[in-house]
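Undergrad: My structure is below; once you've seen it, I'll send some questions.
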Amino acid sequence: MKTKFLLLTHLLTSLIATSQQISLPGVVSIQNSEYNTGTRQYVSGASISADFTADKLTDSNGTFILEFVSEGNGKSTKLKVFKAGFEIVNQKALGDVIIGRTSALNIYMCKEGELAENQIKYHNISLKNLYAERDRRIAILEKGGEVMQAEIERLQEELNTKIYTKNDAIIQLNQQIEELQKKLPEFAKELASVNLDDASELYKRAFELYINGNVKEAISILDIDKLLAQGKEATYSLKSLRKQRKIIDETIALLEQQIEQTVKSLELGAELLEQEFKYNEASEYYEAIITILKSDPDGREKDMAKFYNKLGLSSREQGNYSKALNYLLKALKIYKSIHINNHYIFASISNNLAMIYKHLGKLNEALIYQKKSLKIDEQVYDEIHPSIARNYNNLAMIYEDLGKSNEALIYQKKSLEIDKQFYNEIHPIIATRYNNLAMIYKGLGKLDLAFEFQKKALLIDKELYGEIHPSIAKNYNNLAMMYIDVGEFYKALIVMRKAIYIYETVYDEIHPYIANSYGNLGATYSELGKLNKALKAQEKSLEIDKQIYGEIHPSIANGYNNLSIIYKNLGQSHKGITIAWKAIYIYETVYDEIHPYIANSYSNLGIMYSELGRFNRALKAQKKALEIYEQLYNENHPTFINVYNNLACVYKDFGKFQDAMIIQQKALLLSKKIYNEPHPSIALNYGNLAVIYQDLGRLEEALKAQKKALSINEEIYKKKHPSIATNYSNLSLVYQDLGRLEEALLTQKKALTIDEQFYETVHPIIATRYNNLALILKDLGRLEESLMAQKKALMINKKVLPKTHPNLITSFKNLSNIQYAMGVRDFDLKKYKEALVFFNNISVDYFDNSELYIFTALCYYHLGYHTLAIDTYKVLAQLNPKVKKDFYYNNIGTAYVKNKQFPEALNAFQEYEELGIDKGRSYRNYAMYHALQNQPKKAIEMLQKAIELGYDDIDWLKTDDSMDSLRSLPEFQEILKKLE
């Protein structure tokens, strides 16, 4: 064993003895000594040390040489320098020194404490210059007229944002000053670390101009084209000269210095431009630096990463998040590839990436980077630190967007707890945390706590800013949305108007905050049933946004989306669909195809298609929304509750109740998985499931589910809330289907009583309650009371709804049915005619003369008075010839065929077919024609053709007497089976 050990030792000694030594030369000088005195001064006796080499002292000329073995060639090392009474100026340059570099390493020192003094000095100078620029611009703005307008236009271009008034310009200016002030310490630190002895004459001139307050002149001499050309020329020359390294080492060192000087000059230009809010031009300077660094044959990865990071932040200031993301990811990739170990860099980039991903709707990526930022900061700071609080707050925001409100609440509370140890209660950050907590509690359905924290935020902001300030308006906006959630619509309206008043006082009329507030005002009016006012407010919001952003912008798409919903509520879904497609076009232009806004728009589109009975399109739109959401979120996201609800609604409207039930049960299970009872979402899903059970005829299950929904809402809202009224109303309809009419009447009256406490007497929901009461009373045989209730519903709907709204049409239909029932009850045609006369005397704008004749003709037809029906249709055609292009030939043809006037019937049916309105119905008519003439084979043939062309009224086929001669035929039964 000893022999082997000795041999190994000998071999190792031999290897060491034959290893080539690699030199690392350097020189230590006093910073700015030549610049200040005309003679460069060196530091002698300074201790220089590094790993794997012997320590050295600098000589009288400040020089030193460290020796490393050849295996270290090309690797980096960290140098330590010490001299009593002195401190290092360029400490960063010593942290990553390449062994084997040919040029001497320049180390700059100054007297101890001088570096901090210079940083303070340059910070104060920079602050003075910044304030001088601000004051100069404000002075120009105060002059008014064309001079002011020119300055506003200049600011708009520099800041890449819309500015409308002098006050808006001053606010934007001050905001930019505040942002730039945050950068000044780092800028001052960079200036203090520059050694002017090695700087170019251009840099020195620019530096002196800046120090003396001549910022614009400094920028003007830092010409980007010349500097870029100079840098490219230097890098090109460097490439050529390195081929002749033996004879041009000194020239190479000079060119390397020239590149460094060029980069420093461009960096100074970029930072000065940022202080002038010229972010686009600053980005060009940063891009020029990166172009130079990419051309450097030795590679400058660390420096490139630094400037990609700066370029990313500059792009973020311009609002270009996609570019910002690209640049920051490049910076991060480079830092990782060169194994930089700097917690601040990685924490900062990770945090910025998280917020950019959040803005782009990529929440999982946002969560990953925010957690990385937190992990890095936790390794450096104590648990109680503002940086940790910031991370917790950002995590809470991301979790809330992910639908994980409980996790969001935990992190937001942690953030608040830490911040309270650093800030007073009356502080903007504390107000922000309270506001965020309020939004999380709102999402959790804990509205009492949401109100509590929102009001706390409002009180702090009032203490800080007074009554008239954008932060106060923001609080009012949030409060308005909460008041809507608890059904206090008038309170919502009051605080919403306060918000608008503040914004219109602080800003000019054309401002994004004002546009957003009018949109919220529209939502408030919608809840109050004031749909025309809602439409007007939303149109104003959209008009303002268009003046700010043009036609293609997410805010415009949001406006179109909201406008489409109002048109749907007005019963004009066809118009709503056109507008919804506009929103989708804009979203798909601005964002990737996979984005929550696009999914939401498709979902809204599906609802409107369903309203119009276009079920295939409705189903396609809802499935498109679901497909997008599935690519965005995991299966337990709350958004899927709404998606499933909407999808179930389409299946229900389509008559596919079994499919609707399955989807609705998924929505209920998910809401119970995400939320704890009691929660509004769980109640809503029980209520919706009950309605589907009712459609399926599973009335006992419907009753149980509806009672469950009611009990949850009563626990949440303490007996009084519009949702409770809805539960009572729906419960009443279940009792009605069960034949428990007295209970149905009692619960419907409860619904009406509650709603009357929340809505004006003239509101569509109140009309719906009276409509339901009328139908229950009709079933009870209390026709006079039913008639009175239906008249109230009609009166309300006439006042609040447009003529073509389905609810208004329903009111007329129900009223006619009740009057018809009153006539039939007494087997008295005269009384029925009196009902028609009564209808004719009602002052109803919706019923013009044409529609009254139609109504009369239909009544005669269904009573079997076909000749009277035919005569009435003929009078109608004389009064309004346009009806011949619509339903006329279909209706008069069916009257002719029932009256056995077959030639006239055939002629009418052929005229109707030529119009091409409904081919399926046309062949249904021919089936009637042949069936009533005892031609079953031909009748079945026509009926089969009708079904092929889309006719699907199975109830008519089962009940109309024209089909009596066919019902026993197997072919007819087969048709019914297909439709079922």
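Residue numbers start at 1 in each chain; chains themselves are named A, B, ... in the order of the structure tokens; ligands are numbered from 1 in the order shown.
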Go through stretch 118-207 of chain A and flag each residue having an atom no more than 12 Å from stretch 537-556 of chain A; for those, report the closest pair of atoms plus their distance in Å to one decimal, using only C-alpha atoms, ordered by chain and rising number, as a tab-separated table.
TA:
residue	atom	partner	partner_atom	distance
A:Gln156	CA	A:Ile548	CA	11.7
A:Asn160	CA	A:Tyr549	CA	11.5
A:Thr161	CA	A:Ile548	CA	9.0
A:Lys162	CA	A:Ile548	CA	6.4
A:Ile163	CA	A:Ile548	CA	8.9
A:Tyr164	CA	A:Ile548	CA	9.2
Undergrad: List the neighbours of stretch 504-508 of chain A out to 8 Å using only C-alpha atoms; skip same-chain residues closer than 6 positions along the sequence, and give me the result as a list in words.
TA: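 Within the cut-off, the hits are Tyr164, Thr165, Asn167, Asp168, Ile468, His469, Pro470 and Ile514 of chain A.
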Undergrad: Which residues come within 8 Å of stretch 428-439 of chain A, counting only C-alpha atoms, excluding same-chain residues fewer than 3 positions away, as a PDB file with all heavy atoms, in the first residue's frame?
TA:
ATOM      1  N   ASN A 393     -48.591  38.847  -2.154  1.00  0.00           N
ATOM      2  CA  ASN A 393     -49.693  39.586  -2.786  1.00  0.00           C
ATOM      3  C   ASN A 393     -49.876  39.157  -4.243  1.00  0.00           C
ATOM      4  O   ASN A 393     -50.997  38.910  -4.691  1.00  0.00           O
ATOM      5  CB  ASN A 393     -49.416  41.083  -2.721  1.00  0.00           C
ATOM      6  CG  ASN A 393     -50.474  41.907  -3.436  1.00  0.00           C
ATOM      7  OD1 ASN A 393     -51.579  42.074  -2.949  1.00  0.00           O
ATOM      8  ND2 ASN A 393     -50.148  42.420  -4.608  1.00  0.00           N
ATOM      9  N   MET A 397     -53.075  37.230  -6.189  1.00  0.00           N
ATOM     10  CA  MET A 397     -53.742  37.700  -7.408  1.00  0.00           C
ATOM     11  C   MET A 397     -53.811  36.598  -8.456  1.00  0.00           C
ATOM     12  O   MET A 397     -54.823  36.423  -9.139  1.00  0.00           O
ATOM     13  CB  MET A 397     -52.999  38.919  -7.957  1.00  0.00           C
ATOM     14  CG  MET A 397     -53.097  40.160  -7.078  1.00  0.00           C
ATOM     15  SD  MET A 397     -51.853  41.420  -7.520  1.00  0.00           S
ATOM     16  CE  MET A 397     -52.349  41.796  -9.197  1.00  0.00           C
ATOM     17  N   LEU A 409     -56.737  33.759  -0.535  1.00  0.00           N
ATOM     18  CA  LEU A 409     -57.008  34.376   0.768  1.00  0.00           C
ATOM     19  C   LEU A 409     -55.836  34.168   1.733  1.00  0.00           C
ATOM     20  O   LEU A 409     -55.432  35.096   2.439  1.00  0.00           O
ATOM     21  CB  LEU A 409     -58.294  33.786   1.355  1.00  0.00           C
ATOM     22  CG  LEU A 409     -58.768  34.375   2.684  1.00  0.00           C
ATOM     23  CD1 LEU A 409     -59.091  35.850   2.539  1.00  0.00           C
ATOM     24  CD2 LEU A 409     -59.988  33.616   3.198  1.00  0.00           C
ATOM     25  N   GLN A 412     -52.954  36.453   0.625  1.00  0.00           N
ATOM     26  CA  GLN A 412     -53.248  37.870   0.790  1.00  0.00           C
ATOM     27  C   GLN A 412     -53.184  38.260   2.272  1.00  0.00           C
ATOM     28  O   GLN A 412     -52.713  39.346   2.628  1.00  0.00           O
ATOM     29  CB  GLN A 412     -54.623  38.208   0.213  1.00  0.00           C
ATOM     30  CG  GLN A 412     -54.870  39.691   0.020  1.00  0.00           C
ATOM     31  CD  GLN A 412     -53.871  40.331  -0.910  1.00  0.00           C
ATOM     32  OE1 GLN A 412     -53.074  41.168  -0.496  1.00  0.00           O
ATOM     33  NE2 GLN A 412     -53.893  39.952  -2.181  1.00  0.00           N
ATOM     34  N   LYS A 413     -53.648  37.375   3.141  1.00  0.00           N
ATOM     35  CA  LYS A 413     -53.566  37.632   4.583  1.00  0.00           C
ATOM     36  C   LYS A 413     -52.105  37.678   5.039  1.00  0.00           C
ATOM     37  O   LYS A 413     -51.724  38.514   5.870  1.00  0.00           O
ATOM     38  CB  LYS A 413     -54.330  36.561   5.360  1.00  0.00           C
ATOM     39  CG  LYS A 413     -55.847  36.731   5.329  1.00  0.00           C
ATOM     40  CD  LYS A 413     -56.517  35.657   6.169  1.00  0.00           C
ATOM     41  CE  LYS A 413     -58.015  35.882   6.291  1.00  0.00           C
ATOM     42  NZ  LYS A 413     -58.681  34.825   7.096  1.00  0.00           N
ATOM     43  N   SER A 415     -49.561  38.532   3.218  1.00  0.00           N
ATOM     44  CA  SER A 415     -49.016  39.788   2.698  1.00  0.00           C
ATOM     45  C   SER A 415     -49.386  40.952   3.603  1.00  0.00           C
ATOM     46  O   SER A 415     -48.545  41.778   3.958  1.00  0.00           O
ATOM     47  CB  SER A 415     -49.544  40.022   1.274  1.00  0.00           C
ATOM     48  OG  SER A 415     -49.113  41.257   0.786  1.00  0.00           O
ATOM     49  N   LEU A 416     -50.657  41.024   3.996  1.00  0.00           N
ATOM     50  CA  LEU A 416     -51.130  42.112   4.863  1.00  0.00           C
ATOM     51  C   LEU A 416     -50.436  42.069   6.225  1.00  0.00           C
ATOM     52  O   LEU A 416     -50.024  43.107   6.760  1.00  0.00           O
ATOM     53  CB  LEU A 416     -52.648  42.001   5.037  1.00  0.00           C
ATOM     54  CG  LEU A 416     -53.291  43.021   5.980  1.00  0.00           C
ATOM     55  CD1 LEU A 416     -53.112  44.439   5.453  1.00  0.00           C
ATOM     56  CD2 LEU A 416     -54.776  42.705   6.166  1.00  0.00           C
ATOM     57  N   ASP A 419     -46.900  43.451   5.789  1.00  0.00           N
ATOM     58  CA  ASP A 419     -46.888  44.886   5.482  1.00  0.00           C
ATOM     59  C   ASP A 419     -47.258  45.737   6.694  1.00  0.00           C
ATOM     60  O   ASP A 419     -46.747  46.852   6.859  1.00  0.00           O
ATOM     61  CB  ASP A 419     -47.840  45.184   4.319  1.00  0.00           C
ATOM     62  CG  ASP A 419     -47.233  44.814   2.976  1.00  0.00           C
ATOM     63  OD1 ASP A 419     -45.999  44.897   2.855  1.00  0.00           O
ATOM     64  OD2 ASP A 419     -47.977  44.434   2.063  1.00  0.00           O
ATOM     65  N   LYS A 420     -48.112  45.225   7.537  1.00  0.00           N
ATOM     66  CA  LYS A 420     -48.513  45.993   8.728  1.00  0.00           C
ATOM     67  C   LYS A 420     -47.347  46.191   9.698  1.00  0.00           C
ATOM     68  O   LYS A 420     -47.380  47.095  10.537  1.00  0.00           O
ATOM     69  CB  LYS A 420     -49.678  45.292   9.441  1.00  0.00           C
ATOM     70  CG  LYS A 420     -51.035  45.560   8.802  1.00  0.00           C
ATOM     71  CD  LYS A 420     -52.160  45.046   9.667  1.00  0.00           C
ATOM     72  CE  LYS A 420     -53.512  45.498   9.162  1.00  0.00           C
ATOM     73  NZ  LYS A 420     -54.620  45.077  10.028  1.00  0.00           N
ATOM     74  N   TYR A 423     -45.517  49.302   7.655  1.00  0.00           N
ATOM     75  CA  TYR A 423     -46.217  50.542   7.311  1.00  0.00           C
ATOM     76  C   TYR A 423     -47.293  50.855   8.353  1.00  0.00           C
ATOM     77  O   TYR A 423     -47.818  49.959   9.020  1.00  0.00           O
ATOM     78  CB  TYR A 423     -46.889  50.415   5.937  1.00  0.00           C
ATOM     79  CG  TYR A 423     -45.957  49.974   4.843  1.00  0.00           C
ATOM     80  CD1 TYR A 423     -46.069  48.702   4.274  1.00  0.00           C
ATOM     81  CD2 TYR A 423     -44.953  50.814   4.365  1.00  0.00           C
ATOM     82  CE1 TYR A 423     -45.216  48.277   3.267  1.00  0.00           C
ATOM     83  CE2 TYR A 423     -44.095  50.401   3.358  1.00  0.00           C
ATOM     84  CZ  TYR A 423     -44.228  49.127   2.816  1.00  0.00           C
ATOM     85  OH  TYR A 423     -43.383  48.716   1.828  1.00  0.00           O
ATOM     86  N   ASN A 424     -47.622  52.148   8.442  1.00  0.00           N
ATOM     87  CA  ASN A 424     -48.751  52.554   9.274  1.00  0.00           C
ATOM     88  C   ASN A 424     -50.054  52.066   8.653  1.00  0.00           C
ATOM     89  O   ASN A 424     -50.114  51.731   7.479  1.00  0.00           O
ATOM     90  CB  ASN A 424     -48.796  54.082   9.406  1.00  0.00           C
ATOM     91  CG  ASN A 424     -47.572  54.616  10.140  1.00  0.00           C
ATOM     92  OD1 ASN A 424     -47.071  53.963  11.052  1.00  0.00           O
ATOM     93  ND2 ASN A 424     -47.086  55.790   9.739  1.00  0.00           N
ATOM     94  N   GLU A 425     -51.118  52.075   9.464  1.00  0.00           N
ATOM     95  CA  GLU A 425     -52.430  51.657   8.967  1.00  0.00           C
ATOM     96  C   GLU A 425     -52.884  52.555   7.823  1.00  0.00           C
ATOM     97  O   GLU A 425     -53.492  52.088   6.848  1.00  0.00           O
ATOM     98  CB  GLU A 425     -53.455  51.698  10.112  1.00  0.00           C
ATOM     99  CG  GLU A 425     -54.887  51.320   9.710  1.00  0.00           C
ATOM    100  CD  GLU A 425     -55.081  49.842   9.437  1.00  0.00           C
ATOM    101  OE1 GLU A 425     -54.171  49.048   9.751  1.00  0.00           O
ATOM    102  OE2 GLU A 425     -56.143  49.483   8.916  1.00  0.00           O
ATOM    103  N   LYS A 442     -65.335  38.460  -1.923  1.00  0.00           N
ATOM    104  CA  LYS A 442     -66.469  38.540  -2.860  1.00  0.00           C
ATOM    105  C   LYS A 442     -66.547  37.256  -3.678  1.00  0.00           C
ATOM    106  O   LYS A 442     -67.622  36.673  -3.857  1.00  0.00           O
ATOM    107  CB  LYS A 442     -66.309  39.748  -3.761  1.00  0.00           C
ATOM    108  CG  LYS A 442     -67.429  39.960  -4.780  1.00  0.00           C
ATOM    109  CD  LYS A 442     -67.170  41.244  -5.564  1.00  0.00           C
ATOM    110  CE  LYS A 442     -68.270  41.497  -6.588  1.00  0.00           C
ATOM    111  NZ  LYS A 442     -68.208  40.547  -7.707  1.00  0.00           N
ATOM    112  N   GLY A 443     -65.396  36.804  -4.183  1.00  0.00           N
ATOM    113  CA  GLY A 443     -65.365  35.570  -4.962  1.00  0.00           C
ATOM    114  C   GLY A 443     -65.759  34.352  -4.148  1.00  0.00           C
ATOM    115  O   GLY A 443     -66.323  33.399  -4.683  1.00  0.00           O
ATOM    116  N   LEU A 449     -67.795  40.144   4.757  1.00  0.00           N
ATOM    117  CA  LEU A 449     -66.360  40.428   4.889  1.00  0.00           C
ATOM    118  C   LEU A 449     -65.850  41.252   3.710  1.00  0.00           C
ATOM    119  O   LEU A 449     -64.969  42.106   3.871  1.00  0.00           O
ATOM    120  CB  LEU A 449     -65.580  39.116   4.990  1.00  0.00           C
ATOM    121  CG  LEU A 449     -65.720  38.378   6.329  1.00  0.00           C
ATOM    122  CD1 LEU A 449     -65.137  36.977   6.232  1.00  0.00           C
ATOM    123  CD2 LEU A 449     -65.035  39.157   7.451  1.00  0.00           C
ATOM    124  N   ALA A 450     -66.397  40.999   2.529  1.00  0.00           N
ATOM    125  CA  ALA A 450     -66.010  41.789   1.359  1.00  0.00           C
ATOM    126  C   ALA A 450     -66.327  43.263   1.591  1.00  0.00           C
ATOM    127  O   ALA A 450     -65.496  44.142   1.332  1.00  0.00           O
ATOM    128  CB  ALA A 450     -66.729  41.277   0.113  1.00  0.00           C
ATOM    129  N   PHE A 451     -67.533  43.536   2.086  1.00  0.00           N
ATOM    130  CA  PHE A 451     -67.915  44.918   2.381  1.00  0.00           C
ATOM    131  C   PHE A 451     -67.013  45.520   3.455  1.00  0.00           C
ATOM    132  O   PHE A 451     -66.581  46.672   3.361  1.00  0.00           O
ATOM    133  CB  PHE A 451     -69.369  44.981   2.855  1.00  0.00           C
ATOM    134  CG  PHE A 451     -70.356  45.126   1.735  1.00  0.00           C
ATOM    135  CD1 PHE A 451     -71.194  44.080   1.401  1.00  0.00           C
ATOM    136  CD2 PHE A 451     -70.454  46.294   1.015  1.00  0.00           C
ATOM    137  CE1 PHE A 451     -72.098  44.196   0.367  1.00  0.00           C
ATOM    138  CE2 PHE A 451     -71.359  46.435  -0.025  1.00  0.00           C
ATOM    139  CZ  PHE A 451     -72.189  45.374  -0.348  1.00  0.00           C
ATOM    140  N   GLU A 452     -66.719  44.736   4.489  1.00  0.00           N
ATOM    141  CA  GLU A 452     -65.904  45.231   5.599  1.00  0.00           C
ATOM    142  C   GLU A 452     -64.536  45.709   5.110  1.00  0.00           C
ATOM    143  O   GLU A 452     -64.097  46.819   5.444  1.00  0.00           O
ATOM    144  CB  GLU A 452     -65.726  44.115   6.636  1.00  0.00           C
ATOM    145  CG  GLU A 452     -64.859  44.511   7.813  1.00  0.00           C
ATOM    146  CD  GLU A 452     -64.576  43.338   8.756  1.00  0.00           C
ATOM    147  OE1 GLU A 452     -65.414  42.405   8.825  1.00  0.00           O
ATOM    148  OE2 GLU A 452     -63.524  43.345   9.407  1.00  0.00           O
ATOM    149  N   PHE A 453     -63.868  44.907   4.302  1.00  0.00           N
ATOM    150  CA  PHE A 453     -62.520  45.265   3.863  1.00  0.00           C
ATOM    151  C   PHE A 453     -62.539  46.336   2.772  1.00  0.00           C
ATOM    152  O   PHE A 453     -61.630  47.164   2.705  1.00  0.00           O
ATOM    153  CB  PHE A 453     -61.768  44.018   3.391  1.00  0.00           C
ATOM    154  CG  PHE A 453     -61.243  43.198   4.536  1.00  0.00           C
ATOM    155  CD1 PHE A 453     -61.920  42.062   4.963  1.00  0.00           C
ATOM    156  CD2 PHE A 453     -60.101  43.571   5.214  1.00  0.00           C
ATOM    157  CE1 PHE A 453     -61.459  41.311   6.028  1.00  0.00           C
ATOM    158  CE2 PHE A 453     -59.623  42.829   6.281  1.00  0.00           C
ATOM    159  CZ  PHE A 453     -60.306  41.705   6.695  1.00  0.00           C
ATOM    160  N   GLN A 454     -63.589  46.330   1.931  1.00  0.00           N
ATOM    161  CA  GLN A 454     -63.673  47.378   0.921  1.00  0.00           C
ATOM    162  C   GLN A 454     -63.871  48.740   1.580  1.00  0.00           C
ATOM    163  O   GLN A 454     -63.302  49.750   1.155  1.00  0.00           O
ATOM    164  CB  GLN A 454     -64.819  47.091  -0.054  1.00  0.00           C
ATOM    165  CG  GLN A 454     -64.799  47.987  -1.287  1.00  0.00           C
ATOM    166  CD  GLN A 454     -63.554  47.781  -2.128  1.00  0.00           C
ATOM    167  OE1 GLN A 454     -63.292  46.690  -2.600  1.00  0.00           O
ATOM    168  NE2 GLN A 454     -62.769  48.829  -2.309  1.00  0.00           N
ATOM    169  N   LYS A 456     -62.898  49.515   4.598  1.00  0.00           N
ATOM    170  CA  LYS A 456     -61.619  49.869   5.243  1.00  0.00           C
ATOM    171  C   LYS A 456     -60.682  50.528   4.228  1.00  0.00           C
ATOM    172  O   LYS A 456     -60.031  51.532   4.523  1.00  0.00           O
ATOM    173  CB  LYS A 456     -60.949  48.613   5.811  1.00  0.00           C
ATOM    174  CG  LYS A 456     -61.491  48.139   7.153  1.00  0.00           C
ATOM    175  CD  LYS A 456     -60.663  46.970   7.666  1.00  0.00           C
ATOM    176  CE  LYS A 456     -61.110  46.542   9.051  1.00  0.00           C
ATOM    177  NZ  LYS A 456     -60.268  45.442   9.575  1.00  0.00           N
ATOM    178  N   ALA A 457     -60.613  49.952   3.045  1.00  0.00           N
ATOM    179  CA  ALA A 457     -59.771  50.528   1.998  1.00  0.00           C
ATOM    180  C   ALA A 457     -60.230  51.935   1.649  1.00  0.00           C
ATOM    181  O   ALA A 457     -59.410  52.851   1.488  1.00  0.00           O
ATOM    182  CB  ALA A 457     -59.803  49.643   0.750  1.00  0.00           C
ATOM    183  N   LEU A 458     -61.543  52.116   1.571  1.00  0.00           N
ATOM    184  CA  LEU A 458     -62.103  53.428   1.243  1.00  0.00           C
ATOM    185  C   LEU A 458     -61.752  54.461   2.315  1.00  0.00           C
ATOM    186  O   LEU A 458     -61.370  55.596   1.995  1.00  0.00           O
ATOM    187  CB  LEU A 458     -63.619  53.317   1.070  1.00  0.00           C
ATOM    188  CG  LEU A 458     -64.376  54.615   0.781  1.00  0.00           C
ATOM    189  CD1 LEU A 458     -63.881  55.247  -0.506  1.00  0.00           C
ATOM    190  CD2 LEU A 458     -65.880  54.353   0.711  1.00  0.00           C
ATOM    191  N   ILE A 460     -59.176  54.485   4.388  1.00  0.00           N
ATOM    192  CA  ILE A 460     -57.747  54.828   4.312  1.00  0.00           C
ATOM    193  C   ILE A 460     -57.491  55.782   3.158  1.00  0.00           C
ATOM    194  O   ILE A 460     -56.791  56.795   3.309  1.00  0.00           O
ATOM    195  CB  ILE A 460     -56.890  53.550   4.155  1.00  0.00           C
ATOM    196  CG1 ILE A 460     -56.959  52.702   5.436  1.00  0.00           C
ATOM    197  CG2 ILE A 460     -55.436  53.909   3.838  1.00  0.00           C
ATOM    198  CD1 ILE A 460     -56.303  51.341   5.301  1.00  0.00           C
ATOM    199  N   ASP A 461     -58.055  55.475   1.999  1.00  0.00           N
ATOM    200  CA  ASP A 461     -57.836  56.337   0.836  1.00  0.00           C
ATOM    201  C   ASP A 461     -58.414  57.731   1.053  1.00  0.00           C
ATOM    202  O   ASP A 461     -57.831  58.730   0.607  1.00  0.00           O
ATOM    203  CB  ASP A 461     -58.444  55.693  -0.422  1.00  0.00           C
ATOM    204  CG  ASP A 461     -57.563  54.574  -0.969  1.00  0.00           C
ATOM    205  OD1 ASP A 461     -56.352  54.593  -0.693  1.00  0.00           O
ATOM    206  OD2 ASP A 461     -58.080  53.690  -1.663  1.00  0.00           O
ATOM    207  N   LEU A 464     -56.003  59.594   3.103  1.00  0.00           N
ATOM    208  CA  LEU A 464     -54.794  59.944   2.352  1.00  0.00           C
ATOM    209  C   LEU A 464     -55.048  61.023   1.305  1.00  0.00           C
ATOM    210  O   LEU A 464     -54.238  61.936   1.116  1.00  0.00           O
ATOM    211  CB  LEU A 464     -54.242  58.700   1.649  1.00  0.00           C
ATOM    212  CG  LEU A 464     -53.577  57.642   2.534  1.00  0.00           C
ATOM    213  CD1 LEU A 464     -53.366  56.362   1.735  1.00  0.00           C
ATOM    214  CD2 LEU A 464     -52.234  58.141   3.063  1.00  0.00           C
ATOM    215  N   ASN A 475     -62.649  52.665  -5.369  1.00  0.00           N
ATOM    216  CA  ASN A 475     -63.345  52.023  -4.249  1.00  0.00           C
ATOM    217  C   ASN A 475     -64.857  52.021  -4.466  1.00  0.00           C
ATOM    218  O   ASN A 475     -65.540  51.023  -4.201  1.00  0.00           O
ATOM    219  CB  ASN A 475     -63.016  52.747  -2.939  1.00  0.00           C
ATOM    220  CG  ASN A 475     -61.685  52.315  -2.353  1.00  0.00           C
ATOM    221  OD1 ASN A 475     -61.587  51.262  -1.746  1.00  0.00           O
ATOM    222  ND2 ASN A 475     -60.661  53.122  -2.540  1.00  0.00           N
TER     223      ASN A 475
END
Undergrad: Go ahead and compute the interatomic distance for atom CA of A:Lys414 and atom CA of A:Ala389, in Å to one decimal.
TA: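 Interatomic distance, atom CA of A:Lys414 to atom CA of A:Ala389: 7.0 Å.
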Undergrad: Just give me the gap between atom CA of A:Leu66 and atom CA of A:Ala54 in Å, one decimal is fine.
TA: 7.2 Å
Undergrad: Within 12 Å of A:Pro936, counting only C-alpha atoms, which residues qualify if same-chain residues fewer than 2 places away don't, as JSON, numbers by chain?
TA: {"A": [926, 927, 928, 929, 930, 931, 932, 933, 934, 938, 939, 940, 941, 942, 943, 962, 963, 964, 965, 966, 967, 968, 969, 970, 971, 972]}
Undergrad: Do you know which residues are at most 8 Å from A:Leu703 counting only C-alpha atoms, after dropping those on the same chain fewer than 5 positions away, and could you put them as a PyMOL selection string?
TA: chain A and resi 690+731+734-735
Undergrad: Just give me the gap between atom CA of A:Ile388 and atom CA of A:Leu374 in Å, one decimal is fine.
TA: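 About the pair atom CA of A:Ile388 and atom CA of A:Leu374: they are 6.5 Å apart.
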Undergrad: Mind checking DSSP for stretch 657-719 of chain A and telling me the alpha helix (DSSP H) residues as a PyMOL selection string?
TA: chain A and resi 657-674+680-695+699-717
Undergrad: Neighbours of stretch 788-803 of chain A within 9 Å (only C-alpha atoms; same-chain residues fewer than 2 positions away dropped), as number ranges by chain?
TA: A: 529-532, 570-572, 761-764, 766-775, 777, 783-786, 805-812, 814-815, 818, 844-847
Undergrad: Report the closest atom pair, with its distance in Å rounded to one decimal, for each residue of stretch 509-581 of chain A that has an atom no farther than 12 Å from stretch 617-630 of chain A; count only C-alpha atoms, sort by chain and then rising residue number, and write it as JSON lines.
TA:
{"residue": "A:Ile577", "atom": "CA", "partner": "A:Ala618", "partner_atom": "CA", "distance": 10.9}
{"residue": "A:Ala580", "atom": "CA", "partner": "A:Ala621", "partner_atom": "CA", "distance": 11.6}
{"residue": "A:Trp581", "atom": "CA", "partner": "A:Ala621", "partner_atom": "CA", "distance": 11.2}
